[in-house]
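The structure appears right after this line, and notes come after that.
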Amino acid sequence: MLIFCMKYEIGISANCEGDSSVINTLDNIKMTGIKNIMITQRSPEFENQIIHALKLGLKIPYVHLEFIDANYLWSKGEINKKYINAILDGIKICHRHGIKIAIMHPTAGNAVTSIIEPNEHGLESMKTILKAAEQCGVKIAVENTDLNTSHLTYLLDNIHSPYLGFCYDCGHHYLYTPKMNWIKKYADRCLAVHLHDNVCDWTIGKDWTRDLHAIPFSGKINFEKVVKDIVASSYKGVFMLEVYRVSYGDPKFHANLTPTEFLKEAQKYGKKLVQMSGIYKNL
């Protein structure tokens, strides 16, 4: 049985060039012709970056909220309050600029770091965030990050709110938890996707530098399966390329490319993903 689906658009992370400022990267993305971008809450310039992108006519289907301190969602005391306040600030910025979806990590995303177990306090922290998100009309999408699967499932399986959904990261999926079927598990709650490649070689003892965030079709991930799974889910948004020109680890697939060449390469293979999504066989 053949199923025809809508034509997806591609997007790209605004920090993809690595050694360029986000403002310069946004200008380069605009010139390349990519229409959708994802900006990350990494600095005090977050809102200015959003404003600049919108002035350029770029669309922001979702942003990525602060994630370095995500482990503090599960803690108590001042570190927890500081982290929640940072997230609430990001949500308010989304509201001011009409951005409807914001991505959060359930943990900081370091596969070799041991953190506190999922707990009721973390659940209440997320409920506090969701209350503010609902008031602002912003949905929260929590992302599969690394081996710490219990934190993500604890949130999604215990909070059934229309304002809490799932962000599917295919690179993290096939690097850290290839036996999990994330997109099927949360098919009806998928609000965002991150598409990138790696060589699928993480083992105990290796660190987060194996998370290469390469352009799709550079490494070993089966993107035919990735695309089929996404199209079979409820997700009807942008194919967001969360790719880096210069990765933290090796191999550095794209380091020899100029920023312009890198963006064109990402656009080329993003379009290939869109073409693959056009018709698929229902499994």
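Just so we're on the same page: first chain in the structure tokens is A, next is B, and so on; residues restart at 1 for each chain, and ligands are numbered from 1 in the order they show up.
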Can you write out as a Markdown table which residues of range 115-217 of chain A fall within 12 Å of range 25-38 of chain A, alongside each residue's closest atom pair and its distance in Å to one decimal, counting only C-alpha atoms and ordering rows by chain and ascending residue number?
| residue | atom | partner | partner_atom | distance |
| --- | --- | --- | --- | --- |
| A:Ala192 | CA | A:Met38 | CA | 10.6 |
| A:Val193 | CA | A:Met38 | CA | 10.8 |
| A:His194 | CA | A:Met38 | CA | 9.9 |
Problem - Backbone DSSP call of alpha helix (DSSP H) for range 137-226 of chain A, listed as a PyMOL selection string - result: chain A and resi 149-158+170-176+182-185+223-226
Keeping only N, CA and C atoms, write those residues as a tab-separated table (two decimals), in the first residue's frame.
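Here's the written file part_32.tsv:
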chain	number	residue	atom	x	y	z
A	149	THR	N	17.87	6.78	29.29
A	149	THR	CA	16.52	6.75	28.72
A	149	THR	C	15.43	6.91	29.77
A	150	SER	N	15.73	6.56	31.02
A	150	SER	CA	14.69	6.54	32.04
A	150	SER	C	14.16	7.94	32.35
A	151	HIS	N	15.00	8.97	32.20
A	151	HIS	CA	14.55	10.33	32.51
A	151	HIS	C	13.52	10.81	31.50
A	152	LEU	N	13.77	10.53	30.24
A	152	LEU	CA	12.83	10.90	29.18
A	152	LEU	C	11.51	10.16	29.33
A	153	THR	N	11.59	8.85	29.48
A	153	THR	CA	10.35	8.06	29.57
A	153	THR	C	9.58	8.39	30.86
A	154	TYR	N	10.30	8.71	31.93
A	154	TYR	CA	9.64	9.08	33.19
A	154	TYR	C	8.78	10.32	33.00
A	155	LEU	N	9.31	11.30	32.28
A	155	LEU	CA	8.54	12.53	32.03
A	155	LEU	C	7.35	12.26	31.12
A	156	LEU	N	7.59	11.63	29.99
A	156	LEU	CA	6.53	11.45	29.00
A	156	LEU	C	5.47	10.45	29.46
A	157	ASP	N	5.86	9.48	30.24
A	157	ASP	CA	4.91	8.45	30.67
A	157	ASP	C	4.10	8.87	31.90
A	158	ASN	N	4.56	9.93	32.59
A	158	ASN	CA	3.86	10.38	33.79
A	158	ASN	C	3.15	11.72	33.63
A	170	CYS	N	17.54	11.43	15.64
A	170	CYS	CA	17.94	10.15	15.04
A	170	CYS	C	19.41	9.84	15.28
A	171	GLY	N	20.26	10.88	15.37
A	171	GLY	CA	21.67	10.65	15.63
A	171	GLY	C	21.91	10.05	16.99
A	172	HIS	N	21.24	10.60	18.01
A	172	HIS	CA	21.35	10.05	19.35
A	172	HIS	C	20.74	8.64	19.42
A	173	HIS	N	19.65	8.45	18.71
A	173	HIS	CA	18.97	7.15	18.69
A	173	HIS	C	19.93	6.04	18.26
A	174	TYR	N	20.54	6.21	17.09
A	174	TYR	CA	21.33	5.12	16.52
A	174	TYR	C	22.76	5.06	17.06
A	175	LEU	N	23.18	6.12	17.77
A	175	LEU	CA	24.49	6.06	18.42
A	175	LEU	C	24.39	5.38	19.78
A	176	TYR	N	23.40	5.75	20.58
A	176	TYR	CA	23.33	5.32	21.97
A	176	TYR	C	22.33	4.20	22.24
A	182	TRP	N	12.22	4.76	19.30
A	182	TRP	CA	11.72	5.99	19.90
A	182	TRP	C	10.55	6.58	19.14
A	183	ILE	N	10.70	6.70	17.85
A	183	ILE	CA	9.68	7.39	17.05
A	183	ILE	C	8.38	6.62	17.05
A	184	LYS	N	8.44	5.30	17.13
A	184	LYS	CA	7.22	4.49	17.22
A	184	LYS	C	6.61	4.60	18.61
A	185	LYS	N	7.45	4.59	19.62
A	185	LYS	CA	6.97	4.65	21.00
A	185	LYS	C	6.17	5.93	21.26
A	223	PHE	N	19.01	6.15	6.67
A	223	PHE	CA	18.04	7.23	6.62
A	223	PHE	C	16.75	6.86	5.88
A	224	GLU	N	16.76	5.77	5.16
A	224	GLU	CA	15.49	5.30	4.60
A	224	GLU	C	14.55	4.90	5.74
A	225	LYS	N	15.09	4.19	6.72
A	225	LYS	CA	14.28	3.80	7.88
A	225	LYS	C	13.90	5.02	8.70
A	226	VAL	N	14.84	5.93	8.92
A	226	VAL	CA	14.55	7.14	9.69
A	226	VAL	C	13.38	7.90	9.08
Practice task
Point out the residue among A:Leu195, A:Leu65, A:Ala255, A:Ile99 with the least atom-to-atom distance to Val238 in chain A, counting only C-alpha atoms.
Solution key: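 Residue with the minimum atom-to-atom distance to Val238 in chain A: A:Leu195.
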Problem - Minimum-distance residue to Gly249 in chain A, chosen among A:Leu88, A:Val274, A:Val199, A:Ala266 (using only C-alpha atoms) - result: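 Looking only at the distances to Gly249 in chain A, the closest residue turns out to be A:Val199.
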Handout entry: strand (DSSP E or B) positions in range 11-154 of chain A, given as a list in words
Key = Gly11, Ile12, Ser13, Asn36, Ile37, Met38, Thr40, Lys59, Val63, His64, Ile101, Ala102, Ile103, Met104, Lys139, Ile140, Ala141, Val142 and Glu143 of chain A
Export C-alpha atoms of the chosen residues as a short mmCIF file (atom, residue, chain, number, x, y, z; two decimals), in the first residue's frame?
data_model
loop_
_atom_site.label_atom_id
_atom_site.label_comp_id
_atom_site.auth_asym_id
_atom_site.auth_seq_id
_atom_site.Cartn_x
_atom_site.Cartn_y
_atom_site.Cartn_z
CA GLY A 11 15.69 23.49 8.24
CA ILE A 12 19.09 23.79 9.87
CA SER A 13 20.57 24.63 13.26
CA ASN A 36 13.78 27.27 8.48
CA ILE A 37 16.22 27.53 11.34
CA MET A 38 16.55 26.41 14.95
CA THR A 40 19.64 27.56 20.72
CA LYS A 59 11.04 30.81 9.94
CA VAL A 63 14.03 26.68 19.38
CA HIS A 64 16.33 24.65 21.59
CA ILE A 101 7.60 24.83 20.22
CA ALA A 102 10.69 24.70 22.45
CA ILE A 103 12.98 21.70 22.89
CA MET A 104 14.41 20.56 26.22
CA LYS A 139 4.68 23.39 23.64
CA ILE A 140 7.69 21.63 25.17
CA ALA A 141 9.37 18.76 23.30
CA VAL A 142 11.78 16.61 25.33
CA GLU A 143 14.55 14.96 23.35
#
Problem - Nearby residues (only C-alpha atoms) at most 10 Å from Leu212 in chain A, same-chain spacing under 2 positions excluded, as a PyMOL selection string - result: chain A and resi 171-172+175+196-200+208-210+214-215+219+243-253
Written file, previous selection with N, CA and C atoms, as a PDB file, in the first residue's frame:
ATOM      1  N   GLY A 171      20.257  10.881  15.372  1.00  0.00           N
ATOM      2  CA  GLY A 171      21.673  10.646  15.628  1.00  0.00           C
ATOM      3  C   GLY A 171      21.910  10.046  16.992  1.00  0.00           C
ATOM      4  N   HIS A 172      21.239  10.595  18.007  1.00  0.00           N
ATOM      5  CA  HIS A 172      21.345  10.049  19.352  1.00  0.00           C
ATOM      6  C   HIS A 172      20.744   8.640  19.415  1.00  0.00           C
ATOM      7  N   LEU A 175      23.184   6.118  17.767  1.00  0.00           N
ATOM      8  CA  LEU A 175      24.487   6.061  18.422  1.00  0.00           C
ATOM      9  C   LEU A 175      24.390   5.380  19.779  1.00  0.00           C
ATOM     10  N   HIS A 196      20.700  14.023  11.884  1.00  0.00           N
ATOM     11  CA  HIS A 196      22.146  14.107  11.665  1.00  0.00           C
ATOM     12  C   HIS A 196      22.717  12.704  11.693  1.00  0.00           C
ATOM     13  N   ASP A 197      23.977  12.562  11.288  1.00  0.00           N
ATOM     14  CA  ASP A 197      24.579  11.244  11.090  1.00  0.00           C
ATOM     15  C   ASP A 197      25.787  11.057  11.997  1.00  0.00           C
ATOM     16  N   ASN A 198      26.176   9.808  12.167  1.00  0.00           N
ATOM     17  CA  ASN A 198      27.411   9.459  12.874  1.00  0.00           C
ATOM     18  C   ASN A 198      27.826   8.059  12.426  1.00  0.00           C
ATOM     19  N   VAL A 199      28.874   7.524  13.021  1.00  0.00           N
ATOM     20  CA  VAL A 199      29.343   6.202  12.598  1.00  0.00           C
ATOM     21  C   VAL A 199      28.879   5.096  13.546  1.00  0.00           C
ATOM     22  N   CYS A 200      27.941   5.416  14.437  1.00  0.00           N
ATOM     23  CA  CYS A 200      27.246   4.405  15.259  1.00  0.00           C
ATOM     24  C   CYS A 200      28.212   3.523  16.052  1.00  0.00           C
ATOM     25  N   TRP A 208      31.026  11.689  24.789  1.00  0.00           N
ATOM     26  CA  TRP A 208      30.042  12.333  23.924  1.00  0.00           C
ATOM     27  C   TRP A 208      30.634  12.795  22.595  1.00  0.00           C
ATOM     28  N   THR A 209      31.966  12.753  22.426  1.00  0.00           N
ATOM     29  CA  THR A 209      32.548  13.210  21.153  1.00  0.00           C
ATOM     30  C   THR A 209      32.207  12.275  19.993  1.00  0.00           C
ATOM     31  N   ARG A 210      31.631  11.124  20.281  1.00  0.00           N
ATOM     32  CA  ARG A 210      31.185  10.236  19.190  1.00  0.00           C
ATOM     33  C   ARG A 210      29.889  10.744  18.568  1.00  0.00           C
ATOM     34  N   ALA A 214      26.939  14.888  11.960  1.00  0.00           N
ATOM     35  CA  ALA A 214      27.338  15.025  10.559  1.00  0.00           C
ATOM     36  C   ALA A 214      26.117  15.140   9.650  1.00  0.00           C
ATOM     37  N   ILE A 215      26.342  15.644   8.452  1.00  0.00           N
ATOM     38  CA  ILE A 215      25.273  15.733   7.457  1.00  0.00           C
ATOM     39  C   ILE A 215      24.764  14.317   7.145  1.00  0.00           C
ATOM     40  N   GLY A 219      27.621   9.177   7.322  1.00  0.00           N
ATOM     41  CA  GLY A 219      28.022   8.084   8.196  1.00  0.00           C
ATOM     42  C   GLY A 219      27.289   6.792   7.903  1.00  0.00           C
ATOM     43  N   VAL A 243      23.204  19.786  12.380  1.00  0.00           N
ATOM     44  CA  VAL A 243      24.513  19.372  11.880  1.00  0.00           C
ATOM     45  C   VAL A 243      25.566  20.430  12.204  1.00  0.00           C
ATOM     46  N   TYR A 244      26.824  19.964  12.326  1.00  0.00           N
ATOM     47  CA  TYR A 244      27.947  20.857  12.624  1.00  0.00           C
ATOM     48  C   TYR A 244      29.009  20.717  11.530  1.00  0.00           C
ATOM     49  N   ARG A 245      29.540  21.844  11.086  1.00  0.00           N
ATOM     50  CA  ARG A 245      30.620  21.793  10.084  1.00  0.00           C
ATOM     51  C   ARG A 245      31.870  21.163  10.693  1.00  0.00           C
ATOM     52  N   VAL A 246      32.169  21.505  11.932  1.00  0.00           N
ATOM     53  CA  VAL A 246      33.331  20.930  12.622  1.00  0.00           C
ATOM     54  C   VAL A 246      32.835  20.234  13.888  1.00  0.00           C
ATOM     55  N   SER A 247      32.911  18.915  13.914  1.00  0.00           N
ATOM     56  CA  SER A 247      32.412  18.153  15.054  1.00  0.00           C
ATOM     57  C   SER A 247      33.428  18.174  16.186  1.00  0.00           C
ATOM     58  N   TYR A 248      32.967  17.808  17.390  1.00  0.00           N
ATOM     59  CA  TYR A 248      33.860  17.724  18.542  1.00  0.00           C
ATOM     60  C   TYR A 248      34.801  16.526  18.427  1.00  0.00           C
ATOM     61  N   GLY A 249      34.325  15.475  17.786  1.00  0.00           N
ATOM     62  CA  GLY A 249      35.129  14.261  17.681  1.00  0.00           C
ATOM     63  C   GLY A 249      35.546  13.978  16.251  1.00  0.00           C
ATOM     64  N   ASP A 250      36.159  12.832  16.044  1.00  0.00           N
ATOM     65  CA  ASP A 250      36.620  12.397  14.718  1.00  0.00           C
ATOM     66  C   ASP A 250      35.795  11.204  14.246  1.00  0.00           C
ATOM     67  N   PRO A 251      35.622  11.019  12.943  1.00  0.00           N
ATOM     68  CA  PRO A 251      36.185  11.840  11.866  1.00  0.00           C
ATOM     69  C   PRO A 251      35.442  13.167  11.697  1.00  0.00           C
ATOM     70  N   LYS A 252      36.165  14.159  11.235  1.00  0.00           N
ATOM     71  CA  LYS A 252      35.588  15.471  10.947  1.00  0.00           C
ATOM     72  C   LYS A 252      35.235  15.505   9.459  1.00  0.00           C
ATOM     73  N   PHE A 253      34.020  15.053   9.158  1.00  0.00           N
ATOM     74  CA  PHE A 253      33.616  14.847   7.768  1.00  0.00           C
ATOM     75  C   PHE A 253      33.656  16.124   6.932  1.00  0.00           C
TER      76      PHE A 253
END
Practice task
Check the smallest atom-to-atom distance from each of A:Lys268, A:Glu242, A:Thr260, A:Asp188 to Asp229 in chain A using only C-alpha atoms, then report the winner.
Solution key: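 Checking each of A:Lys268, A:Glu242, A:Thr260, A:Asp188 against Asp229 in chain A, counting only C-alpha atoms, the winner is A:Asp188.
Nearest to Gly205 in chain A of all the residues A:Ala111, A:Leu263, A:Ala232, A:Leu147 is A:Ala111, based on only C-alpha atoms.
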